[in-house]
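Structure file entry-v1.cif; described as mmCIF, C-alpha atoms.
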data_start
loop_
_atom_site.label_atom_id
_atom_site.label_comp_id
_atom_site.auth_asym_id
_atom_site.auth_seq_id
_atom_site.Cartn_x
_atom_site.Cartn_y
_atom_site.Cartn_z
CA MET B 1 12.89 17.27 10.79
CA PRO B 2 10.75 19.00 8.15
CA PHE B 3 10.97 17.60 4.64
CA GLU B 4 12.92 14.57 5.84
CA ARG B 5 13.41 12.35 2.82
CA GLY B 6 11.45 9.15 2.92
CA SER B 7 9.18 10.32 5.74
CA ARG B 8 5.48 9.52 5.77
CA SER B 9 2.86 11.82 4.36
CA ALA B 10 1.04 13.90 6.94
CA ASP B 11 -2.15 11.87 6.54
CA ASP B 12 -0.36 8.65 7.49
CA ARG B 13 0.48 10.06 10.87
CA PRO B 14 -1.54 9.53 14.08
CA LEU B 15 -4.26 12.02 14.86
CA ASP B 16 -2.33 13.41 17.82
CA GLU B 17 0.52 14.38 15.46
CA LYS B 18 -1.97 16.12 13.16
CA ALA B 19 -3.42 17.96 16.15
CA ALA B 20 0.07 19.05 17.19
CA ARG B 21 0.72 20.33 13.68
CA THR B 22 -2.51 22.31 13.73
CA ALA B 23 -1.72 23.76 17.15
CA ALA B 24 1.75 24.78 15.98
CA ARG B 25 0.27 26.53 12.97
CA PHE B 26 -2.01 28.61 15.18
CA ARG B 27 0.84 29.40 17.58
CA ASP B 28 2.75 30.76 14.58
CA GLY B 29 -0.12 33.09 13.76
CA GLY B 30 -1.77 30.75 11.28
CA VAL B 31 1.17 30.69 8.86
CA GLY B 32 1.58 27.03 8.03
CA MET B 33 1.93 27.19 4.26
CA ARG B 34 4.38 28.90 1.92
CA PHE B 35 4.27 28.99 -1.86
CA ALA B 36 6.04 30.14 -5.00
CA VAL B 37 4.91 30.63 -8.59
CA GLY B 38 7.14 30.30 -11.63
CA THR B 39 7.21 28.66 -15.02
CA CYS B 40 7.93 25.24 -16.45
CA SER B 41 7.51 23.71 -19.90
CA LEU B 42 3.77 23.32 -19.21
CA GLY B 43 3.15 26.97 -18.41
CA PHE B 44 2.91 28.51 -14.97
CA ILE B 45 3.35 26.33 -11.91
CA LEU B 46 2.52 26.97 -8.26
CA VAL B 47 4.12 24.90 -5.52
CA ALA B 48 2.94 25.17 -1.92
CA ALA B 49 4.22 23.37 1.15
CA SER B 50 3.54 23.14 4.85
CA PRO B 51 6.21 22.23 7.39
CA CYS B 52 5.17 18.62 6.82
CA GLY B 53 5.52 18.38 3.05
CA VAL B 54 4.39 19.52 -0.37
CA THR B 55 0.72 20.45 -0.18
CA ALA B 56 -0.10 21.68 -3.68
CA ILE B 57 1.25 21.61 -7.22
CA PHE B 58 -0.93 23.59 -9.63
CA LEU B 59 -0.49 24.14 -13.36
CA GLY B 60 -2.08 26.90 -15.40
CA ASP B 61 -1.92 29.89 -17.70
CA ALA B 62 -2.02 32.75 -15.19
CA PRO B 63 -0.11 33.06 -11.89
CA ASP B 64 -2.83 35.09 -10.18
CA ALA B 65 -5.42 32.42 -10.96
CA LEU B 66 -3.18 29.76 -9.39
CA SER B 67 -2.71 31.86 -6.24
CA ASP B 68 -6.47 32.39 -6.01
CA GLU B 69 -7.08 28.66 -6.35
CA LEU B 70 -4.61 27.95 -3.55
CA ARG B 71 -6.54 30.20 -1.19
CA ARG B 72 -9.85 28.75 -2.32
CA ARG B 73 -8.74 25.15 -1.81
CA PHE B 74 -7.12 25.79 1.57
CA PRO B 75 -9.31 28.43 3.24
CA GLU B 76 -8.04 27.43 6.68
CA GLU B 77 -4.51 28.49 5.71
CA ARG B 78 -2.95 31.90 5.22
CA PRO B 79 -0.30 31.08 2.61
CA ILE B 80 2.59 33.48 2.26
CA ALA B 81 5.25 33.78 -0.43
CA GLY B 82 8.29 31.61 0.09
CA GLY B 83 11.85 32.78 -0.10
CA GLU B 84 15.32 31.74 -1.21
CA ALA B 85 15.41 28.40 0.63
CA PHE B 86 11.95 27.52 -0.63
CA GLY B 87 13.35 27.96 -4.13
CA ARG B 88 15.36 24.75 -3.73
CA LEU B 89 12.18 22.80 -3.07
CA PHE B 90 10.45 24.61 -5.94
CA ALA B 91 13.29 23.68 -8.29
CA GLU B 92 13.09 20.03 -7.26
CA VAL B 93 9.37 19.96 -8.06
CA VAL B 94 9.92 21.65 -11.43
CA GLY B 95 12.71 19.17 -12.19
CA PHE B 96 10.27 16.35 -11.50
CA ILE B 97 7.70 17.93 -13.83
CA GLU B 98 10.31 18.12 -16.59
CA GLU B 99 11.67 14.63 -16.00
CA PRO B 100 9.12 12.36 -14.24
CA SER B 101 11.49 9.39 -14.24
CA ARG B 102 13.64 11.07 -11.58
CA GLY B 103 10.80 10.82 -9.04
CA LEU B 104 9.89 13.33 -6.36
CA ASP B 105 12.01 12.66 -3.29
CA LEU B 106 9.94 14.86 -0.99
CA PRO B 107 7.16 14.00 1.49
CA LEU B 108 3.63 15.04 0.60
CA ASP B 109 1.22 16.70 3.00
CA VAL B 110 -1.85 15.07 1.45
CA ARG B 111 -5.16 16.58 2.50
CA GLY B 112 -8.43 15.02 1.43
CA THR B 113 -11.23 12.70 2.46
CA ALA B 114 -10.55 9.06 3.25
CA PHE B 115 -11.97 8.04 -0.14
CA GLN B 116 -9.89 10.63 -2.00
CA ARG B 117 -6.72 9.43 -0.29
CA ARG B 118 -7.50 5.84 -1.27
CA VAL B 119 -7.85 6.93 -4.88
CA TRP B 120 -4.73 9.09 -4.79
CA GLN B 121 -2.68 6.28 -3.27
CA ALA B 122 -3.79 3.99 -6.11
CA LEU B 123 -2.80 6.65 -8.64
CA ARG B 124 0.71 6.84 -7.20
CA ALA B 125 1.14 3.13 -7.97
CA ILE B 126 0.65 3.69 -11.73
CA PRO B 127 4.04 3.67 -13.49
CA PRO B 128 5.00 6.62 -15.73
CA GLY B 129 3.65 6.30 -19.26
CA VAL B 130 0.94 3.80 -18.29
CA ARG B 131 -2.74 4.62 -18.72
CA VAL B 132 -5.38 3.17 -16.38
CA SER B 133 -9.14 3.66 -16.58
CA TYR B 134 -11.28 5.22 -13.87
CA ARG B 135 -13.13 1.93 -13.66
CA GLU B 136 -9.89 0.04 -13.07
CA ILE B 137 -8.87 2.40 -10.27
CA ALA B 138 -12.29 1.88 -8.70
CA ARG B 139 -11.72 -1.86 -8.84
CA ARG B 140 -8.25 -1.56 -7.32
CA ILE B 141 -9.52 0.33 -4.29
CA GLY B 142 -12.31 -2.17 -3.72
CA ALA B 143 -15.16 0.02 -4.98
CA PRO B 144 -15.85 -1.32 -8.49
CA ARG B 145 -19.05 0.70 -8.95
CA ALA B 146 -17.46 4.01 -7.96
CA ALA B 147 -15.84 5.03 -11.25
CA ARG B 148 -17.60 8.42 -11.22
CA ALA B 149 -16.48 9.06 -7.65
CA VAL B 150 -12.94 8.17 -8.71
CA ALA B 151 -13.18 10.76 -11.50
CA ARG B 152 -14.29 13.37 -8.97
CA ALA B 153 -11.38 12.49 -6.69
CA CYS B 154 -9.01 12.90 -9.63
CA ALA B 155 -10.49 16.35 -10.34
CA ALA B 156 -10.00 17.32 -6.68
CA ASN B 157 -6.33 16.25 -6.63
CA PRO B 158 -4.24 19.24 -5.46
CA LEU B 159 -0.86 17.67 -6.31
CA ALA B 160 -0.52 17.61 -10.09
CA VAL B 161 1.96 15.00 -11.37
CA ALA B 162 3.06 14.02 -7.84
CA ILE B 163 -0.31 12.28 -7.63
CA PRO B 164 -0.52 11.36 -11.33
CA CYS B 165 -4.21 11.71 -12.16
CA HIS B 166 -3.13 12.48 -15.73
CA ARG B 167 -2.51 8.73 -16.16
CA VAL B 168 -6.21 7.94 -15.68
CA VAL B 169 -8.31 7.79 -18.85
CA ARG B 170 -11.72 6.64 -20.01
CA THR B 171 -12.43 2.97 -20.50
CA ASP B 172 -12.10 3.39 -24.27
CA GLY B 173 -8.62 4.87 -23.84
CA GLU B 174 -9.61 8.47 -24.61
CA LEU B 175 -7.97 11.07 -22.40
CA SER B 176 -11.16 12.66 -20.98
CA GLY B 177 -10.87 15.77 -18.83
CA TYR B 178 -8.01 17.13 -16.74
CA HIS B 179 -8.31 19.92 -14.21
CA TRP B 180 -5.12 21.56 -15.46
CA GLY B 181 -6.09 21.32 -19.16
CA ALA B 182 -6.39 18.50 -21.66
CA ALA B 183 -3.32 19.72 -23.59
CA ARG B 184 -1.19 19.37 -20.46
CA LYS B 185 -2.53 15.88 -19.83
CA GLU B 186 -1.61 14.82 -23.34
CA ALA B 187 1.81 16.48 -23.07
CA LEU B 188 2.57 14.73 -19.77
CA LEU B 189 1.61 11.33 -21.15
CA ARG B 190 3.63 11.85 -24.32
CA ARG B 191 6.62 12.91 -22.26
CA GLU B 192 6.40 9.82 -20.07
CA ILE B 193 6.01 7.52 -23.06
CA GLY B 194 9.03 9.20 -24.65
CA LEU B 195 11.08 8.67 -21.51
CA ARG B 196 10.10 5.01 -21.37
CA SER B 197 11.16 4.52 -24.99
CA GLY B 198 14.29 6.66 -24.72
CA ARG B 199 12.99 9.32 -27.13
CA GLU B 200 12.74 13.05 -26.58
CA HIS B 201 9.11 14.05 -26.90
CA PRO B 202 7.84 17.32 -28.39
CA GLY B 203 4.44 17.22 -26.66
CA ALA B 204 5.12 19.66 -23.85
CA ARG B 205 7.16 22.06 -25.96
CA ALA B 206 4.02 23.62 -27.43
CA LEU B 207 3.22 25.00 -23.98
CA ALA B 208 6.74 26.17 -23.24
CA SER B 209 6.63 29.60 -24.90
CA ARG B 210 5.85 31.48 -21.70
CA PRO B 211 7.91 34.41 -20.32
CA ARG B 212 10.09 33.39 -17.42
CA ARG B 213 9.54 35.35 -14.23
CA LYS B 214 11.91 35.89 -11.37
CA ARG B 215 10.87 34.06 -8.23
CA ASP B 216 11.10 35.25 -4.66
CA SER B 217 11.50 31.97 -2.82
CA ARG B 218 12.76 31.90 0.77
CA PHE B 219 11.62 29.13 3.07
CA ASP B 220 12.17 29.13 6.83
CA ARG B 221 11.46 25.43 7.32
CA PRO B 222 9.64 25.63 10.68
CA GLY B 223 9.31 22.42 12.68
CA CYS B 224 6.52 20.02 11.74
#
Please express what this file holds, its structure, as structure tokens.
Amino acid sequence: MPFERGSRSADDRPLDEKAARTAARFRDGGVGMRFAVGTCSLGFILVAASPCGVTAIFLGDAPDALSDELRRRFPEERPIAGGEAFGRLFAEVVGFIEEPSRGLDLPLDVRGTAFQRRVWQALRAIPPGVRVSYREIARRIGAPRAARAVARACAANPLAVAIPCHRVVRTDGELSGYHWGAARKEALLRREIGLRSGREHPGARALASRPRRKRDSRFDRPGC
């Protein structure tokens, strides 16, 4: 069943299952990904999903730029706008952005190289509000001299917050870069620290003054 809670990510599945998924996508005319764009306290957010799970969570200042990035990152797909049912998934992702402590109880369709997936898996083990250096992540995945490669994998992460690359910092504790903007990285970390200490944090509120837009979000949930 698509989006079955607690199911494995697509990249944990045997290759024959991945091949079947690819074949199904082509049988359906290449439509294997749906998406919606809306707003959250960090600005605009794009959420995309395949029948197997959430594929992308992007943050930014302009919805068109996020849609363009989706097509650039997944050139093999022909993403189409979701619908009303997709809106429920979209709302769950936005709720997770606003309150990371609730977790994201949805499977992820993680697409990347073997090295990237190793890095991303290590990132998912970092608790909210905790900062870990690129060098430490490299050590944890058994590649202690690959800190720069870890940084590149973080920059390539298509699942903002769900794969929490914002929790990775320089060895000296400085925030360093973040694909979705340094202000968002700082806001996310402040929010998580506030949740851990039981305080409401103001960090993300500075990015919240964006006009809300109505979403068209229907999702057919085809079989995976």
- note - CA of Arg78 in chain B and CA of Phe35 in chain B are separated by 10.5 Å
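Note that the spacing between CA of Arg124 in chain B and CA of Arg152 in chain B amounts to 16.5 Å.
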- For the atom pair CA of Arg34 in chain B and CA of Ala162 in chain B, what is the interatomic distance in Å to one decimal place?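 It comes out at 17.8 Å.
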- With all atoms listed in the file as the basis for distance, which of B:Ala182, B:Ala48, B:Ala146, B:Ala138 is at the shortest distance from Gly82 in chain B?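 Of the candidates, the smallest distance to Gly82 in chain B is held by B:Ala48.
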- Quick one: apply the PyMOL selection byres ((chain B and resi 192) around 8) to the file and drop the selected residues here as a list of chain:residue names. B:Pro100, B:Ser101, B:Pro128, B:Gly129, B:Leu188, B:Leu189, B:Arg190, B:Arg191, B:Ile193, B:Gly194, B:Leu195, B:Arg196
